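Colleague: Before we start, here is the structure in question, set down as structure tokens.
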Amino acid sequence: MIQLPVPANRPLVVFTDLDGTLINHHNYEIQDSEGALKKLAVRRIPLVFCSSKTFTEQVYLQRQLDINQPFIFENGSAAAIPSGFFPEQAYRATQCEDGYDIVIFAHADAGGLRSTLAQFEEIKGFYTASDAELSAATSLTGAALRRARERWFTETLITPLSDDRADQLNARLKAAGFILSRGGRFYTVQSAVVNKGKAVQWLMDVFRQTSPQAPFFAAVGDSRNDAPMLEVVDFPFLVQRPDKTWVQVEVPNLMKIKGVGPEGFSIAIQALTGA
């Protein structure tokens with residue numbers, strides 16, 4: 001593996017989780033990441049979001065940040081690629097939406113998932129929660145709340161789950177082809193055939209096929225469901241949680257950053273770019 005920082009003449013692609021990594025865990029602000037984003041823009045390094053957030057949420061964030069890059073949404077359920085970003089022969093889109101080609105990896109859409117979750121009366125998710133309940137759980141309001149509800153393949157739960165209860169629910173979900181994934185704040189129910197790592201690996205292959213020089217790949221995350229993403233890249237970074245600890249994940253060559261959320265993200269970008 002090449003030593004850090006990555007030379008400016010070598011292509012680099014950075015994948016990042018959003019909440020608790022690029023974005024502040026509590027207030028969803030990005031100020032602490034702005035300097036790092038400028039460094040990436042100067043070097044023209046693609047920043048690929050890889051999050052449990054919805055397609056609509058990530059499109060909105062990209063437009064806020066003036067970013068036009070591929071992204072992975074709903075925990076690896078699908079990838080969105082700006083039309084024309086890669087040559088047409090590089091991949092086959094499932095559908096097109098709002099200027100993005102969508103490549104779907106999940107085995108079922110949210111309708112099938114919700115039918116399965118309806119069997120669990122005690123479980124409440126983003127889709128079934130009232131606006132007041134969801135706002136209390138997430139601090140989101142108005143349009144941001146609506147964007148968070150627009151899930152195509154997954155359902156994020158607001159019902160607190162102990163480890164034992166999560167294991168029991170997971171065992172029952174597996175029979176229908178779904179699993180629980182633990183993020184920074186919530187559990188998400190998703191297709192068992194997908195995760196962040198599989199989607200990142202697919203997109204890495206597209207970058208390799210379309211780049212004149214083989215890129216290096218880095219990823220930054222903070223939670224358990226980031227582990228599959230961190231495992232497949234050249235430079236995996238784990239930032240601290242709000243309590244200044246690191247989540248326990250087993251990832252080869254993992255670099256633990258002493259910085260919470262966006263602060264840690266910025267330190268990782270500095271290590272990669274040397275700037």
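Numbering starts fresh at 1 for the residues of each chain in the structure tokens, the chains themselves are lettered A, B, ... in the order given, and ligands are numbered from 1 as they appear.
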Please report, as JSON lines, each residue of segment 55-90 of chain A lying at most 12 Å from segment 206-225 of chain A, together with the nearest pair of atoms and the separation in Å rounded to one decimal; use only C-alpha atoms, and order rows by chain and ascending residue number.

Modeller:
{"residue": "A:Gln69", "atom": "CA", "partner": "A:Phe207", "partner_atom": "CA", "distance": 11.8}
{"residue": "A:Pro70", "atom": "CA", "partner": "A:Phe207", "partner_atom": "CA", "distance": 10.4}
{"residue": "A:Glu74", "atom": "CA", "partner": "A:Asn225", "partner_atom": "CA", "distance": 11.2}
{"residue": "A:Asn75", "atom": "CA", "partner": "A:Asn225", "partner_atom": "CA", "distance": 7.8}
{"residue": "A:Gly76", "atom": "CA", "partner": "A:Asn225", "partner_atom": "CA", "distance": 10.1}
{"residue": "A:Ala79", "atom": "CA", "partner": "A:Val206", "partner_atom": "CA", "distance": 11.5}
{"residue": "A:Ile81", "atom": "CA", "partner": "A:Val206", "partner_atom": "CA", "distance": 10.8}
{"residue": "A:Phe85", "atom": "CA", "partner": "A:Thr210", "partner_atom": "CA", "distance": 10.1}
{"residue": "A:Phe86", "atom": "CA", "partner": "A:Thr210", "partner_atom": "CA", "distance": 6.9}
{"residue": "A:Pro87", "atom": "CA", "partner": "A:Thr210", "partner_atom": "CA", "distance": 7.4}
{"residue": "A:Glu88", "atom": "CA", "partner": "A:Thr210", "partner_atom": "CA", "distance": 10.4}
{"residue": "A:Gln89", "atom": "CA", "partner": "A:Thr210", "partner_atom": "CA", "distance": 9.7}
{"residue": "A:Ala90", "atom": "CA", "partner": "A:Val206", "partner_atom": "CA", "distance": 6.3}

Colleague: Write out as a PyMOL selection string which residues come within 12 Å of Phe178 of chain A when counting only C-alpha atoms, dropping same-chain ones fewer than 3 positions away.

Modeller: chain A and resi 77+106-110+112-117+153-155+169-175+181+188-195

Colleague: Restrict the selected residues to C-alpha atoms and save them as a PDB file, in the first residue's frame.

Modeller:
ATOM      1  CA  SER A  77     -29.465  -0.714  -1.499  1.00  0.00           C
ATOM      2  CA  ALA A 106     -31.676  -4.647  -3.096  1.00  0.00           C
ATOM      3  CA  HIS A 107     -33.837  -7.717  -3.677  1.00  0.00           C
ATOM      4  CA  ALA A 108     -37.088  -5.988  -2.678  1.00  0.00           C
ATOM      5  CA  ASP A 109     -38.544  -2.501  -2.486  1.00  0.00           C
ATOM      6  CA  ALA A 110     -39.915  -0.759   0.585  1.00  0.00           C
ATOM      7  CA  GLY A 112     -42.355  -5.667   0.476  1.00  0.00           C
ATOM      8  CA  LEU A 113     -40.306  -4.685   3.485  1.00  0.00           C
ATOM      9  CA  ARG A 114     -43.193  -2.839   5.113  1.00  0.00           C
ATOM     10  CA  SER A 115     -45.473  -5.821   4.605  1.00  0.00           C
ATOM     11  CA  THR A 116     -42.959  -7.892   6.554  1.00  0.00           C
ATOM     12  CA  LEU A 117     -42.584  -5.272   9.305  1.00  0.00           C
ATOM     13  CA  PHE A 153     -35.800  -0.034  -0.036  1.00  0.00           C
ATOM     14  CA  THR A 154     -35.277   0.180   3.726  1.00  0.00           C
ATOM     15  CA  GLU A 155     -36.966   1.182   6.952  1.00  0.00           C
ATOM     16  CA  LEU A 169     -35.912  -9.460  15.560  1.00  0.00           C
ATOM     17  CA  ASN A 170     -33.023 -10.099  13.184  1.00  0.00           C
ATOM     18  CA  ALA A 171     -33.605 -13.855  13.344  1.00  0.00           C
ATOM     19  CA  ARG A 172     -37.263 -13.385  12.393  1.00  0.00           C
ATOM     20  CA  LEU A 173     -36.474 -10.917   9.598  1.00  0.00           C
ATOM     21  CA  LYS A 174     -33.936 -13.231   7.967  1.00  0.00           C
ATOM     22  CA  ALA A 175     -36.693 -15.662   7.049  1.00  0.00           C
ATOM     23  CA  SER A 181     -28.111  -2.985  10.294  1.00  0.00           C
ATOM     24  CA  THR A 188     -32.265  -0.014   9.794  1.00  0.00           C
ATOM     25  CA  VAL A 189     -34.037  -2.994   8.234  1.00  0.00           C
ATOM     26  CA  GLN A 190     -32.675  -3.744   4.780  1.00  0.00           C
ATOM     27  CA  SER A 191     -32.335  -6.430   2.154  1.00  0.00           C
ATOM     28  CA  ALA A 192     -30.010  -9.186   3.373  1.00  0.00           C
ATOM     29  CA  VAL A 193     -28.204  -9.272   0.026  1.00  0.00           C
ATOM     30  CA  VAL A 194     -26.829  -5.726   0.309  1.00  0.00           C
ATOM     31  CA  ASN A 195     -24.460  -3.722   2.469  1.00  0.00           C
TER      32      ASN A 195
END

Colleague: May I have the residues within 10 Å of Glu97 of chain A as a ChimeraX atom specification, using only C-alpha atoms and disregarding those fewer than 4 positions away in the same chain?

Modeller: /A:55,80-83,101-102

Colleague: Distance table requested - segment 86-204 of chain A against segment 46-49 of chain A, cut-off 12 Å, only C-alpha atoms: one row per qualifying residue with the closest atom pair and its distance in Å to one decimal, ordered by chain and rising residue number, as CSV.

Modeller:
residue,atom,partner,partner_atom,distance
A:Lys196,CA,A:Phe49,CA,10.5
A:Ala199,CA,A:Val48,CA,11.4
A:Val200,CA,A:Val48,CA,9.2
A:Leu203,CA,A:Val48,CA,9.5
A:Met204,CA,A:Val48,CA,10.5

Colleague: Here is a test: counting only C-alpha atoms, which residue of A:Ile45, A:Lys38, A:Phe237, A:Gly177 is nearest to Val6 of chain A?

Modeller: A:Ile45

Colleague: List every residue of segment 209-271 of chain A that has an atom at most 8 Å from any atom of segment 18-28 of chain A, giving for each one its closest atom pair and the distance in Å to one decimal, counting only C-alpha atoms, sorted by chain and then by ascending residue number, as CSV.

Modeller:
residue,atom,partner,partner_atom,distance
A:Val220,CA,A:Thr21,CA,7.1
A:Gly221,CA,A:Thr21,CA,5.8
A:Asp222,CA,A:Thr21,CA,6.1
A:Val239,CA,A:Thr21,CA,6.9
A:Arg241,CA,A:Gly20,CA,7.0
A:Pro242,CA,A:His25,CA,7.4
A:Val260,CA,A:Thr21,CA,7.7
A:Gly261,CA,A:Thr21,CA,4.1
A:Pro262,CA,A:Leu22,CA,4.8
A:Gly264,CA,A:Thr21,CA,7.3
A:Phe265,CA,A:Thr21,CA,6.0

Colleague: Please produce a file of the residues just selected, as a PDB file, in the first residue's frame, where the atoms kept are C-alpha atoms.

Modeller:
ATOM      1  CA  VAL A 220     -14.390   7.342   6.385  1.00  0.00           C
ATOM      2  CA  GLY A 221     -17.026   6.063   8.793  1.00  0.00           C
ATOM      3  CA  ASP A 222     -18.076   5.957  12.429  1.00  0.00           C
ATOM      4  CA  VAL A 239     -13.709   8.636  13.430  1.00  0.00           C
ATOM      5  CA  ARG A 241     -18.332   8.841  18.259  1.00  0.00           C
ATOM      6  CA  PRO A 242     -19.736  11.786  20.287  1.00  0.00           C
ATOM      7  CA  VAL A 260     -15.431  13.303  16.567  1.00  0.00           C
ATOM      8  CA  GLY A 261     -17.531  13.256  13.403  1.00  0.00           C
ATOM      9  CA  PRO A 262     -16.687  16.099  11.014  1.00  0.00           C
ATOM     10  CA  GLY A 264     -12.312  13.406  12.415  1.00  0.00           C
ATOM     11  CA  PHE A 265     -13.366  13.496   8.762  1.00  0.00           C
TER      12      PHE A 265
END

Colleague: I'd like to know which of A:Leu40, A:Arg165, A:Leu230, A:Gln31 is closest to Leu272 of chain A, using only C-alpha atoms.

Modeller: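 Selected residue with least distance to Leu272 of chain A: A:Leu40.
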
Colleague: Using DSSP secondary structure from the backbone, list all helix (DSSP H, G or I) positions within segment 170-274 of chain A, as an NGL selection string.

Modeller: :A and (170-174 or 196-210 or 224-231 or 262-273)

Colleague: Using only C-alpha atoms, which of A:Gly183, A:Gly99, A:Pro160, A:Gly259 sits nearest Lys124 of chain A?

Modeller: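 Of the candidates, the smallest distance to Lys124 of chain A is held by A:Pro160.
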
Colleague: I'd like the interatomic distance between atom CA of Ala271 of chain A and atom CA of Arg63 of chain A, to a tenth of an Å.

Modeller: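 Taking atom CA of Ala271 of chain A and atom CA of Arg63 of chain A, their separation equals 26.4 Å.
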
Colleague: Hey, which of A:Val103, A:Leu157, A:Gln248, A:Met255 ends up closest to Asp234 of chain A? Count only C-alpha atoms.

Modeller: A:Met255

Colleague: Please measure the separation of atom CA of Glu133 of chain A and atom CA of Arg182 of chain A, giving the value in Å to one decimal.

Modeller: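 Between these atoms lies a distance of 20.2 Å.
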
Colleague: Within 10 Å of Leu134 of chain A, counting only C-alpha atoms, which residues show up once you throw out same-chain ones fewer than 3 positions away? Write them as a ChimeraX atom specification, please.

Modeller: /A:124-131,137-141,145,148-149,157-158

Colleague: If you keep C-alpha atoms, can you produce a file of those selected residues as a PDB file, in the first residue's frame?

Modeller:
ATOM      1  CA  LYS A 124     -42.184   1.552  14.749  1.00  0.00           C
ATOM      2  CA  GLY A 125     -40.149   3.042  11.899  1.00  0.00           C
ATOM      3  CA  PHE A 126     -39.813   6.275   9.950  1.00  0.00           C
ATOM      4  CA  TYR A 127     -42.720   5.311   7.689  1.00  0.00           C
ATOM      5  CA  THR A 128     -45.242   4.532  10.431  1.00  0.00           C
ATOM      6  CA  ALA A 129     -44.201   7.126  13.014  1.00  0.00           C
ATOM      7  CA  SER A 130     -46.143  10.358  13.251  1.00  0.00           C
ATOM      8  CA  ASP A 131     -44.417  13.624  12.362  1.00  0.00           C
ATOM      9  CA  ALA A 137     -36.401  11.030  17.526  1.00  0.00           C
ATOM     10  CA  THR A 138     -34.408  12.785  14.804  1.00  0.00           C
ATOM     11  CA  SER A 139     -34.728  16.556  15.451  1.00  0.00           C
ATOM     12  CA  LEU A 140     -35.800  16.890  11.791  1.00  0.00           C
ATOM     13  CA  THR A 141     -38.753  19.067  10.805  1.00  0.00           C
ATOM     14  CA  LEU A 145     -38.573  15.192   7.720  1.00  0.00           C
ATOM     15  CA  ALA A 148     -36.096  11.244   5.496  1.00  0.00           C
ATOM     16  CA  ARG A 149     -39.388   9.361   5.010  1.00  0.00           C
ATOM     17  CA  LEU A 157     -36.537   2.092  13.209  1.00  0.00           C
ATOM     18  CA  ILE A 158     -37.140   4.544  16.030  1.00  0.00           C
TER      19      ILE A 158
END

Colleague: Which one of A:Ala132, A:Ala41, A:Ile123, A:Leu61 sits closest to Val14 of chain A if you count only C-alpha atoms?

Modeller: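 Looking at the shortest contact to Val14 of chain A, the residue is A:Ala41.
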
Colleague: To one decimal in Å, tell me the separation between atom CA of Ile179 of chain A and atom CA of Ser52 of chain A.

Modeller: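 We find that atom CA of Ile179 of chain A and atom CA of Ser52 of chain A lie 13.8 Å from each other.
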